[in-house]
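As stored in work-v8.tsv (TSV, C-alpha atoms):
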chain	number	residue	atom	x	y	z
A	258	MET	CA	77.12	131.82	88.81
A	259	LEU	CA	80.39	129.88	89.32
A	260	LYS	CA	81.17	128.93	92.91
A	261	SER	CA	84.28	127.19	94.20
A	262	ASN	CA	82.24	124.56	96.04
A	263	GLY	CA	79.28	124.52	93.66
A	264	TYR	CA	77.49	121.40	92.46
A	265	CYS	CA	76.19	120.70	88.97
A	266	GLY	CA	73.84	118.02	87.72
A	267	ILE	CA	70.13	117.23	88.09
A	268	ILE	CA	67.63	117.45	90.92
A	269	HIS	CA	64.36	115.61	90.24
A	270	ILE	CA	61.42	116.56	92.46
A	271	ASN	CA	57.76	115.59	91.90
A	272	ASN	CA	58.27	114.68	88.22
A	273	ASN	CA	60.14	117.92	87.48
A	274	ASP	CA	63.80	118.11	86.48
A	275	TYR	CA	65.98	120.99	87.58
A	276	HIS	CA	69.31	121.25	85.81
A	277	ILE	CA	72.14	122.92	87.69
A	278	LEU	CA	74.66	123.68	84.96
A	279	PRO	CA	78.14	125.21	84.91
A	280	LYS	CA	78.24	128.79	83.61
A	281	ILE	CA	80.61	128.09	80.74
A	282	ALA	CA	78.64	129.71	77.93
A	283	LYS	CA	75.57	131.92	77.56
A	284	ASP	CA	73.71	129.01	75.92
A	285	ASN	CA	72.59	126.41	78.51
A	286	ASN	CA	72.46	123.74	75.81
A	287	ILE	CA	76.21	124.20	75.37
A	288	ASN	CA	76.67	124.17	79.15
A	289	LYS	CA	74.83	120.84	79.32
A	290	SER	CA	76.82	119.20	76.53
A	291	VAL	CA	80.17	120.45	77.88
A	292	PHE	CA	79.28	119.16	81.36
A	293	VAL	CA	78.53	115.68	79.96
A	294	TYR	CA	81.67	115.75	77.79
A	295	MET	CA	83.83	116.59	80.81
A	296	LEU	CA	82.23	113.76	82.79
A	297	ALA	CA	82.74	111.33	79.91
A	298	TYR	CA	86.42	112.23	79.55
A	299	VAL	CA	87.14	111.98	83.28
A	300	LEU	CA	85.30	108.65	83.54
A	301	ASN	CA	86.86	107.36	80.30
A	302	LEU	CA	83.45	106.61	78.80
A	303	LYS	CA	83.09	105.50	75.21
A	304	LEU	CA	80.81	107.93	73.39
A	305	GLU	CA	80.71	105.90	70.20
A	306	ASN	CA	77.00	106.01	69.44
A	307	GLU	CA	76.46	108.79	66.91
A	308	GLN	CA	73.34	110.05	68.65
A	309	VAL	CA	75.16	110.40	71.97
A	310	ALA	CA	78.51	111.59	70.63
A	311	ASN	CA	76.88	114.53	68.89
A	312	GLY	CA	76.13	117.58	71.01
A	313	LYS	CA	72.68	118.05	69.43
A	314	ASN	CA	71.40	114.90	71.12
A	315	ILE	CA	72.63	116.03	74.52
A	316	LYS	CA	70.59	119.21	74.15
A	317	LEU	CA	67.45	117.09	73.83
A	318	ASN	CA	68.04	114.59	76.62
A	319	LYS	CA	68.53	114.59	80.36
A	320	ILE	CA	72.02	114.03	81.73
A	321	VAL	CA	71.00	110.97	83.76
A	322	GLU	CA	69.23	109.44	80.75
A	323	ILE	CA	72.35	109.89	78.63
A	324	LEU	CA	74.64	108.23	81.18
A	325	ILE	CA	72.21	105.35	81.71
A	326	ASN	CA	72.06	104.77	77.95
A	327	ILE	CA	75.88	104.82	77.76
A	328	PHE	CA	76.01	102.23	80.55
A	329	ALA	CA	73.40	100.00	78.87
A	330	LYS	CA	75.03	100.29	75.45
A	331	ASN	CA	78.49	99.41	76.81
A	332	LEU	CA	77.11	96.48	78.80
A	333	ILE	CA	75.18	95.09	75.81
A	334	SER	CA	78.32	95.32	73.68
A	335	GLU	CA	80.30	93.21	76.16
A	336	LEU	CA	77.49	90.73	76.85
A	337	LYS	CA	77.15	90.08	73.12
A	338	LYS	CA	80.83	89.09	73.04
A	339	GLY	CA	79.98	86.44	75.62
A	340	ILE	CA	78.41	86.52	79.06
A	341	TYR	CA	81.02	86.22	81.79
A	342	LYS	CA	81.35	82.83	83.47
A	343	GLU	CA	83.44	81.68	86.40
A	344	TYR	CA	83.83	78.55	88.49
A	345	MET	CA	81.40	78.56	91.42
A	346	LEU	CA	81.57	76.16	94.36
A	347	LYS	CA	78.16	74.53	94.77
A	348	GLN	CA	76.51	71.93	96.99
A	349	ASP	CA	73.52	69.91	95.82
A	350	ASN	CA	71.64	66.64	96.24
A	351	LEU	CA	72.22	64.72	93.00
A	352	ARG	CA	71.41	61.26	91.65
A	353	THR	CA	75.04	60.66	90.66
A	354	LEU	CA	78.29	61.59	92.38
A	355	ARG	CA	79.84	64.83	91.21
A	356	GLY	CA	82.93	66.32	92.83
A	357	ILE	CA	83.32	65.56	96.57
A	358	TYR	CA	81.05	63.23	98.58
A	359	LEU	CA	79.89	65.09	101.73
A	360	ILE	CA	79.53	62.48	104.52
A	361	ASN	CA	77.76	64.59	107.15
A	362	GLU	CA	75.23	66.02	104.69
A	363	ASN	CA	74.46	62.57	103.28
A	364	LEU	CA	73.83	61.19	106.80
A	365	LYS	CA	71.56	64.15	107.47
A	366	TYR	CA	69.58	64.31	104.22
A	367	ASN	CA	69.97	60.95	102.48
A	368	PHE	CA	69.73	58.26	105.16
A	369	THR	CA	66.67	56.83	103.42
A	370	ASN	CA	67.24	58.60	100.13
A	371	GLU	CA	68.97	57.32	97.01
A	372	LYS	CA	70.47	60.72	96.17
A	373	ILE	CA	74.06	61.79	96.81
A	374	TYR	CA	74.89	65.09	98.52
A	375	CYS	CA	78.07	66.46	96.98
A	376	GLU	CA	80.17	69.57	96.52
A	377	TYR	CA	81.49	70.50	93.09
A	378	ASP	CA	82.75	73.33	90.86
A	379	GLU	CA	80.42	74.58	88.14
A	380	PHE	CA	81.44	76.94	85.35
A	381	SER	CA	78.49	79.28	85.75
A	382	GLU	CA	77.16	82.57	84.45
A	383	ASP	CA	75.11	82.97	87.64
A	384	ASN	CA	77.97	84.70	89.46
A	385	LYS	CA	78.29	87.84	91.59
A	386	LEU	CA	79.29	90.16	88.72
A	387	ASN	CA	76.31	89.23	86.55
A	388	GLN	CA	74.00	89.37	89.56
A	389	PHE	CA	75.24	92.91	90.20
A	390	PHE	CA	74.56	93.92	86.59
A	391	LEU	CA	71.01	92.55	86.81
A	392	PHE	CA	70.50	94.52	90.03
A	393	ALA	CA	71.90	97.66	88.37
A	394	VAL	CA	69.72	97.27	85.28
A	395	LYS	CA	66.53	96.83	87.31
A	396	SER	CA	67.44	99.72	89.65
A	397	LEU	CA	68.24	102.16	86.82
A	398	MET	CA	64.89	101.49	85.14
A	399	LYS	CA	63.33	103.68	87.86
A	400	PHE	CA	65.25	106.67	86.51
A	401	SER	CA	64.93	106.13	82.77
A	402	LYS	CA	62.02	106.91	80.46
A	403	ASP	CA	63.54	105.10	77.49
A	404	LYS	CA	64.01	101.59	78.90
A	405	LYS	CA	64.69	99.86	75.57
A	406	LEU	CA	68.42	99.29	76.08
A	407	LEU	CA	68.01	98.34	79.74
A	408	LYS	CA	65.37	95.75	78.81
A	409	LYS	CA	67.78	94.24	76.26
A	410	CYS	CA	70.33	93.86	79.07
A	411	GLU	CA	67.67	92.32	81.31
A	412	LEU	CA	66.73	89.81	78.61
A	413	ILE	CA	70.34	88.69	78.13
A	414	LEU	CA	70.66	88.28	81.92
A	415	ASP	CA	67.37	86.37	82.14
A	416	ASP	CA	68.92	83.24	83.69
A	417	ILE	CA	70.76	85.17	86.41
A	418	THR	CA	69.53	85.11	90.03
A	419	PHE	CA	68.36	88.51	91.23
A	420	ASN	CA	70.04	89.78	94.41
A	421	ASN	CA	69.19	93.06	96.10
A	422	PHE	CA	72.66	94.49	96.73
A	423	LYS	CA	73.60	97.14	99.28
A	424	ILE	CA	75.77	99.66	97.43
A	425	GLU	CA	78.17	100.13	100.34
A	426	ASP	CA	78.80	96.35	100.54
A	427	ILE	CA	79.58	95.73	96.87
A	428	ASP	CA	83.11	94.36	96.42
A	429	ILE	CA	83.82	92.83	93.02
A	430	GLN	CA	87.35	91.97	91.97
A	431	PHE	CA	88.47	92.20	88.34
A	432	ASN	CA	91.01	90.06	86.53
A	433	ARG	CA	92.08	89.38	82.96
A	434	LEU	CA	88.95	87.29	82.36
A	435	ASN	CA	86.35	89.88	83.41
A	436	HIS	CA	88.35	93.10	82.91
A	437	ARG	CA	86.30	94.02	79.83
A	438	PHE	CA	83.25	94.57	82.09
A	439	GLN	CA	85.05	97.00	84.41
A	440	GLU	CA	83.98	100.15	82.58
A	441	SER	CA	80.31	99.13	82.74
A	442	PHE	CA	80.71	98.29	86.42
A	443	GLN	CA	82.30	101.66	87.26
A	444	LEU	CA	79.61	103.63	85.44
A	445	ALA	CA	76.85	101.59	87.12
A	446	MET	CA	78.41	102.28	90.54
A	447	LEU	CA	78.70	105.99	89.72
A	448	LEU	CA	75.00	106.16	88.87
A	449	LEU	CA	73.75	103.98	91.72
A	450	LYS	CA	75.81	105.73	94.42
A	451	ARG	CA	74.29	109.08	93.46
A	452	LEU	CA	70.76	108.00	92.60
A	453	LEU	CA	69.70	105.30	95.07
A	454	PRO	CA	70.58	107.04	98.38
A	455	THR	CA	68.38	110.04	97.47
A	456	TYR	CA	65.57	108.04	95.86
A	457	ASN	CA	62.26	108.39	97.70
A	458	LYS	CA	59.59	105.85	96.76
A	459	GLY	CA	56.81	108.27	97.68
A	460	ASP	CA	57.63	111.20	95.43
A	461	LYS	CA	60.40	109.58	93.34
A	462	SER	CA	62.76	112.46	93.98
A	463	PHE	CA	66.52	112.15	93.56
A	464	ALA	CA	69.66	114.21	93.08
A	465	PHE	CA	72.50	113.46	90.65
A	466	LEU	CA	75.18	116.02	91.44
A	467	PHE	CA	78.92	116.51	91.06
A	468	LYS	CA	81.26	119.00	92.71
A	469	MET	CA	82.39	121.20	89.84
A	470	ASN	CA	85.72	122.10	91.43
A	471	GLU	CA	86.60	118.36	91.55
A	472	LEU	CA	85.33	117.71	88.02
A	473	PHE	CA	87.26	120.72	86.63
A	474	GLU	CA	90.43	119.61	88.45
A	475	LYS	CA	90.21	116.01	87.17
A	476	PHE	CA	89.28	117.07	83.64
A	477	ILE	CA	92.19	119.50	83.26
A	478	GLY	CA	94.50	116.94	84.88
A	479	GLU	CA	93.56	114.23	82.37
A	480	ILE	CA	94.01	116.69	79.50
A	481	TYR	CA	97.52	117.56	80.74
A	482	LYS	CA	98.42	113.88	81.07
A	483	ASN	CA	97.39	113.40	77.45
A	484	ILE	CA	99.50	116.25	76.07
A	485	ASP	CA	102.52	116.12	78.43
A	486	SER	CA	104.14	112.78	79.27
A	487	THR	CA	105.85	114.30	82.32
A	488	ALA	CA	102.58	115.40	83.95
A	489	LYS	CA	101.66	113.84	87.29
A	490	ILE	CA	98.20	114.29	88.77
A	491	GLN	CA	97.66	114.75	92.52
A	492	TYR	CA	101.34	113.94	93.11
A	493	GLN	CA	101.85	113.72	96.88
A	494	LYS	CA	105.19	114.24	98.60
A	495	ASN	CA	106.21	114.81	102.20
A	496	PHE	CA	108.69	117.52	103.19
A	497	GLY	CA	109.33	116.77	106.85
A	498	ASN	CA	105.96	117.16	108.55
A	499	LEU	CA	104.63	119.09	105.54
A	500	GLN	CA	102.53	117.03	103.12
A	501	LEU	CA	102.00	118.63	99.70
A	502	LYS	CA	99.82	117.46	96.80
A	503	PRO	CA	99.59	119.82	93.79
A	504	ASP	CA	96.80	119.23	91.27
A	505	ILE	CA	99.24	118.92	88.36
A	506	ILE	CA	103.03	118.88	88.31
A	507	THR	CA	105.11	118.71	85.12
A	508	GLN	CA	108.84	118.80	84.49
A	509	ASN	CA	108.90	122.61	84.63
A	510	MET	CA	105.53	123.80	85.95
A	511	ILE	CA	103.18	123.34	88.90
A	512	ILE	CA	99.50	123.95	88.08
A	513	ASP	CA	96.60	124.27	90.50
A	514	THR	CA	93.05	124.49	89.17
A	515	LYS	CA	90.49	126.77	90.82
A	516	TYR	CA	86.83	126.62	89.83
A	517	LYS	CA	85.92	130.18	90.79
A	518	ILE	CA	85.34	133.61	89.27
A	519	VAL	CA	88.27	136.02	89.20
A	520	LYS	CA	88.71	139.15	87.08
A	521	ASN	CA	92.36	139.93	87.80
A	522	LYS	CA	95.10	139.65	90.44
A	523	ASP	CA	93.08	141.80	92.85
A	524	ASP	CA	90.64	138.88	93.21
A	525	LEU	CA	93.43	136.43	94.02
A	526	ASN	CA	92.98	134.78	97.40
A	527	ARG	CA	95.96	135.34	99.71
A	528	ASP	CA	95.94	131.65	100.72
A	529	ASP	CA	96.27	130.68	97.05
A	530	LYS	CA	99.43	132.81	96.79
A	531	TYR	CA	100.94	131.14	99.84
A	532	GLN	CA	99.98	127.72	98.50
A	533	MET	CA	101.75	128.25	95.18
A	534	PHE	CA	104.78	129.78	96.90
A	535	VAL	CA	105.11	126.74	99.17
A	536	TYR	CA	104.74	124.38	96.18
A	537	GLY	CA	107.42	126.21	94.18
A	538	ILE	CA	109.97	126.40	96.99
A	539	ASN	CA	109.61	122.81	98.18
A	540	PHE	CA	109.38	121.08	94.80
A	541	GLY	CA	112.14	123.27	93.38
A	542	ILE	CA	109.98	124.29	90.42
A	543	ARG	CA	109.80	128.06	90.39
A	544	ASP	CA	107.21	128.46	87.61
A	545	THR	CA	103.65	127.97	88.87
A	546	MET	CA	100.16	128.59	87.51
A	547	LEU	CA	96.65	129.05	88.84
A	548	LEU	CA	94.20	127.99	86.14
A	549	TYR	CA	90.56	129.12	86.19
A	550	PRO	CA	87.64	128.46	83.83
A	551	LYS	CA	86.89	131.49	81.70
A	552	HIS	CA	83.65	133.14	82.75
A	553	LEU	CA	83.25	136.67	81.42
A	554	PHE	CA	86.91	137.51	81.58
A	555	ASP	CA	90.16	136.34	80.03
A	556	ILE	CA	92.68	136.21	82.84
A	557	LYS	CA	96.36	136.83	82.14
A	558	GLU	CA	98.30	138.10	85.11
A	559	ASP	CA	101.94	137.47	86.08
A	560	LEU	CA	103.10	137.83	89.67
A	561	LYS	CA	106.39	137.37	91.51
A	562	LEU	CA	106.23	135.78	94.94
A	563	GLY	CA	109.25	136.26	97.21
A	564	ASP	CA	112.63	137.41	95.88
A	565	GLY	CA	116.20	136.36	95.31
A	566	GLU	CA	116.75	132.64	95.87
A	567	ASN	CA	113.16	132.35	97.09
A	568	LEU	CA	111.54	133.84	93.97
A	569	VAL	CA	108.52	131.94	92.61
A	570	ASN	CA	106.81	133.03	89.38
A	571	LEU	CA	103.03	132.77	89.44
A	572	LYS	CA	100.86	132.94	86.34
A	573	MET	CA	97.10	133.45	86.53
A	574	ARG	CA	95.41	132.07	83.43
A	575	SER	CA	91.91	131.10	82.25
A	576	ILE	CA	90.74	128.33	79.93
A	577	ASP	CA	87.66	128.74	77.74
A	578	LEU	CA	85.61	125.52	77.94
A	579	SER	CA	82.78	126.72	75.73
A	580	PHE	CA	82.33	124.62	72.58
A	581	ASP	CA	79.38	123.71	70.36
A	582	GLY	CA	80.16	120.44	68.59
A	583	SER	CA	80.74	116.72	69.02
A	584	TYR	CA	82.58	115.07	71.88
A	585	ASP	CA	85.71	114.20	69.87
A	586	GLU	CA	85.90	117.74	68.46
A	587	PHE	CA	85.52	119.19	71.96
A	588	ILE	CA	88.39	117.14	73.42
A	589	GLU	CA	90.75	118.00	70.56
A	590	GLU	CA	89.88	121.70	70.82
A	591	ILE	CA	90.43	121.79	74.60
A	592	LYS	CA	93.82	120.11	74.15
A	593	LYS	CA	94.82	122.86	71.72
A	594	ARG	CA	93.60	125.57	74.11
A	595	VAL	CA	95.54	124.07	77.02
A	596	GLU	CA	98.68	123.79	74.89
A	597	GLY	CA	98.20	127.44	73.88
A	598	ILE	CA	98.22	128.76	77.44
A	599	ARG	CA	101.35	130.87	77.98

So, in terms of structure tokens, how does the structure I just supplied come out?
Amino acid sequence: MLKSNGYCGIIHINNNDYHILPKIAKDNNINKSVFVYMLAYVLNLKLENEQVANGKNIKLNKIVEILINIFAKNLISELKKGIYKEYMLKQDNLRTLRGIYLINENLKYNFTNEKIYCEYDEFSEDNKLNQFFLFAVKSLMKFSKDKKLLKKCELILDDITFNNFKIEDIDIQFNRLNHRFQESFQLAMLLLKRLLPTYNKGDKSFAFLFKMNELFEKFIGEIYKNIDSTAKIQYQKNFGNLQLKPDIITQNMIIDTKYKIVKNKDDLNRDDKYQMFVYGINFGIRDTMLLYPKHLFDIKEDLKLGDGENLVNLKMRSIDLSFDGSYDEFIEEIKKRVEGIR
């Protein structure tokens, strides 16, 4: 059953998987594939592998396994183009001078030694980013049955020092030289943040869950951005002491997404009416819409809020997310359905 604050994903307890899926279609295989497709679109993941991009494969695999394989595949693709290197400041006791001669260290370590203690820059692959990827690969092996792709990553990173990172302390900066690894980094962080905190070494239980109201909001927002160049997502503006942030605002419409079940205007929450009225009046856009996922009902209701100069038009509409096909076909179909909402 759809709930406004509901979670969807996987709970793994004592070697058993429990899928909590959105109620988009009667077929749970479709619900699973649509859930993964929505995640992939919001996270801007590349579903290029034919086995992953096709909905039939998603019906046979666990959600976590799919996302781990996408991470590993993307990382392998970038590592094959060349492992990332950067200049690292190092200190070492060498037989010949390299870089800067360190006086204090030489007095301390080399008073009776023929070596030279020096500080120098080394163009190295053993840097923080690669160390993080090795940590991520080894950590994700705990949650994957098919470790083939992860082991390929581990082999490529064989010369990298292993560091046991704390997720909350990870701070890696990206630039034009390492930007191509950013997608792999973001997906690894998404997985690790949800899996490691709930991982129990005794029973190996974990939860991998997403708030469906947030996922639905972000998914519809990204779709709107793709089909309407004027669309702004989570656009925040202050009106005196009043701070407003609609989900989606276009040149002539304000849209708020609500992941909940409604049959008609009688189910409309009074606070939602006030919210849309306040948006319309303050932004000066008098056409507004509340958009819900279709459950059992197509919703098409038109309401008028206020009157005269303070009239705001409110549409209640639903979007059918059910689709049985590949990822690319799904995205194109949803774009058409969003464009068709009137």

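Nearest to Pro503 (chain A) of all the residues A:Ile480, A:Ile287, A:Phe540, A:Phe467 is A:Phe540, based on all atoms listed in the file.
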
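CA of Leu391 (chain A) lies 7.4 Å from CA of Ile417 (chain A).
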
Give the centre and edge lengths of an axis-aligned box, in Å to one decimal, that holds all listed atoms of region 359-374 of chain A with 6 Å on each side, as JSON.
{"center_x": 73.3, "center_y": 61.4, "center_z": 101.8, "size_x": 25.2, "size_y": 21.2, "size_z": 23.3}

Note to self: Need to verify the contact set: region 591-598 of chain A, 9 Å, only C-alpha atoms, exclusion of same-chain residues closer than 6 positions in sequence. Can you return it as a PyMOL selection string?
What the structure shows: chain A and resi 477+480-481+483-484+574-578+580

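Going from CA of Lys468 (chain A) to CA of Asp544 (chain A) covers 28.1 Å.
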
Check: Taking into account only C-alpha atoms, which residue in the set A:Ser583, A:Arg437, A:Ile277, A:Val299 is nearest to Lys482 (chain A)?
Finding: A:Val299

Excluding region 372-386 of chain A and its own-chain neighbours fewer than 6 positions away, which residues fall within 10 Å of it when counting only C-alpha atoms? Please give them as a compact mmCIF listing (two decimals) with C-alpha atoms, in the frame of the given file.
# COMPACT_ATOMS: atom_id res chain seq x y z
CA ILE A 340 78.41 86.52 79.06
CA TYR A 341 81.02 86.22 81.79
CA LYS A 342 81.35 82.83 83.47
CA GLU A 343 83.44 81.68 86.40
CA TYR A 344 83.83 78.55 88.49
CA MET A 345 81.40 78.56 91.42
CA LEU A 346 81.57 76.16 94.36
CA LYS A 347 78.16 74.53 94.77
CA GLN A 348 76.51 71.93 96.99
CA ASP A 349 73.52 69.91 95.82
CA ASN A 350 71.64 66.64 96.24
CA LEU A 351 72.22 64.72 93.00
CA ARG A 352 71.41 61.26 91.65
CA THR A 353 75.04 60.66 90.66
CA LEU A 354 78.29 61.59 92.38
CA ARG A 355 79.84 64.83 91.21
CA GLY A 356 82.93 66.32 92.83
CA ILE A 357 83.32 65.56 96.57
CA TYR A 358 81.05 63.23 98.58
CA LEU A 359 79.89 65.09 101.73
CA ILE A 360 79.53 62.48 104.52
CA ASN A 361 77.76 64.59 107.15
CA GLU A 362 75.23 66.02 104.69
CA ASN A 363 74.46 62.57 103.28
CA LEU A 364 73.83 61.19 106.80
CA LYS A 365 71.56 64.15 107.47
CA TYR A 366 69.58 64.31 104.22
CA PHE A 392 70.50 94.52 90.03
CA LEU A 414 70.66 88.28 81.92
CA ASP A 416 68.92 83.24 83.69
CA ILE A 417 70.76 85.17 86.41
CA THR A 418 69.53 85.11 90.03
CA PHE A 419 68.36 88.51 91.23
CA ASN A 420 70.04 89.78 94.41
CA ILE A 427 79.58 95.73 96.87
CA ASP A 428 83.11 94.36 96.42
CA ILE A 429 83.82 92.83 93.02
CA GLN A 430 87.35 91.97 91.97
CA PHE A 431 88.47 92.20 88.34
CA ASN A 435 86.35 89.88 83.41
CA PHE A 438 83.25 94.57 82.09
CA GLN A 439 85.05 97.00 84.41
CA PHE A 442 80.71 98.29 86.42

Using all atoms listed in the file, what table do you get, as a Markdown table, when you list each residue of region 415-484 of chain A with an atom no more than 6 Å from region 263-275 of chain A, its nearest pair of atoms, and their distance in Å rounded to one decimal, rows by chain then rising number?
| residue | atom | partner | partner_atom | distance |
| --- | --- | --- | --- | --- |
| A:Asp460 | CA | A:Asn271 | CA | 5.6 |
| A:Ser462 | CA | A:Ile270 | CA | 4.6 |
| A:Phe463 | CA | A:His269 | CA | 5.3 |
| A:Ala464 | CA | A:Ile268 | CA | 4.4 |
| A:Phe465 | CA | A:Ile267 | CA | 5.1 |
| A:Leu466 | CA | A:Gly266 | CA | 4.4 |
| A:Phe467 | CA | A:Tyr264 | CA | 5.3 |
| A:Lys468 | CA | A:Tyr264 | CA | 4.5 |
| A:Met469 | CA | A:Tyr264 | CA | 5.6 |

Note to self: I'd like the contact shell of Glu322 (chain A) - 12 Å cut-off, all atoms listed in the file, skipping same-chain residues fewer than 2 positions apart - returned as JSON, numbers by chain.
What the structure shows: {"A": [266, 267, 274, 293, 309, 314, 315, 316, 317, 318, 319, 320, 324, 325, 326, 327, 328, 329, 397, 398, 399, 400, 401, 402, 403, 404, 405, 406, 407, 448, 465]}

How would the residues just picked look written out with C-alpha atoms as a CSV table (one decimal), in the coordinates of the input?
chain,number,residue,atom,x,y,z
A,266,GLY,CA,73.8,118.0,87.7
A,267,ILE,CA,70.1,117.2,88.1
A,274,ASP,CA,63.8,118.1,86.5
A,293,VAL,CA,78.5,115.7,80.0
A,309,VAL,CA,75.2,110.4,72.0
A,314,ASN,CA,71.4,114.9,71.1
A,315,ILE,CA,72.6,116.0,74.5
A,316,LYS,CA,70.6,119.2,74.2
A,317,LEU,CA,67.4,117.1,73.8
A,318,ASN,CA,68.0,114.6,76.6
A,319,LYS,CA,68.5,114.6,80.4
A,320,ILE,CA,72.0,114.0,81.7
A,324,LEU,CA,74.6,108.2,81.2
A,325,ILE,CA,72.2,105.4,81.7
A,326,ASN,CA,72.1,104.8,78.0
A,327,ILE,CA,75.9,104.8,77.8
A,328,PHE,CA,76.0,102.2,80.6
A,329,ALA,CA,73.4,100.0,78.9
A,397,LEU,CA,68.2,102.2,86.8
A,398,MET,CA,64.9,101.5,85.1
A,399,LYS,CA,63.3,103.7,87.9
A,400,PHE,CA,65.2,106.7,86.5
A,401,SER,CA,64.9,106.1,82.8
A,402,LYS,CA,62.0,106.9,80.5
A,403,ASP,CA,63.5,105.1,77.5
A,404,LYS,CA,64.0,101.6,78.9
A,405,LYS,CA,64.7,99.9,75.6
A,406,LEU,CA,68.4,99.3,76.1
A,407,LEU,CA,68.0,98.3,79.7
A,448,LEU,CA,75.0,106.2,88.9
A,465,PHE,CA,72.5,113.5,90.6

Check: Suppose you want the space between CA of Lys283 (chain A) and CA of Lys515 (chain A); what is it in Å?
Finding: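 Value for the CA of Lys283 (chain A)-CA of Lys515 (chain A) distance: 20.6 Å.
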
Next item on the list: Choose the residue, out of A:Arg433, A:Arg543, A:Glu371, A:Asp581, that has the smallest atom-to-atom separation from Ser290 (chain A); count all atoms listed in the file.
Entry: A:Asp581

Next item on the list: Starting from the point (83.0, 102.9, 81.4), work out which residues of protein, DNA or RNA have an atom no more than 8 Å away when counting all atoms listed in the file; state them as a VMD selection string.
Entry: chain A and resid 300 to 303 328 331 439 to 444

Notebook entry, point to check: Pick from A:Ile512, A:Met295, A:Leu568, A:Ile281: nearest to Leu472 (chain A), with only C-alpha atoms counted?
Noted result: A:Met295

Margin query: Just want the 12 Å neighbourhood of Gln491 (chain A), counted on only C-alpha atoms, with same-chain residues fewer than 6 positions away dropped. Output as a list in words.
Written below: Glu471, Glu474, Lys475, Ile477, Gly478, Glu479, Lys482, Gln500, Leu501, Lys502, Pro503, Asp504, Ile505, Ile506, Thr507, Ile511, Ile512, Asp513 and Thr514 of chain A

Checklist line | Local residues around (88.5, 139.4, 87.8), at most 9 Å away, using only C-alpha atoms, as a PyMOL selection string | finding: chain A and resi 518-525+553-556
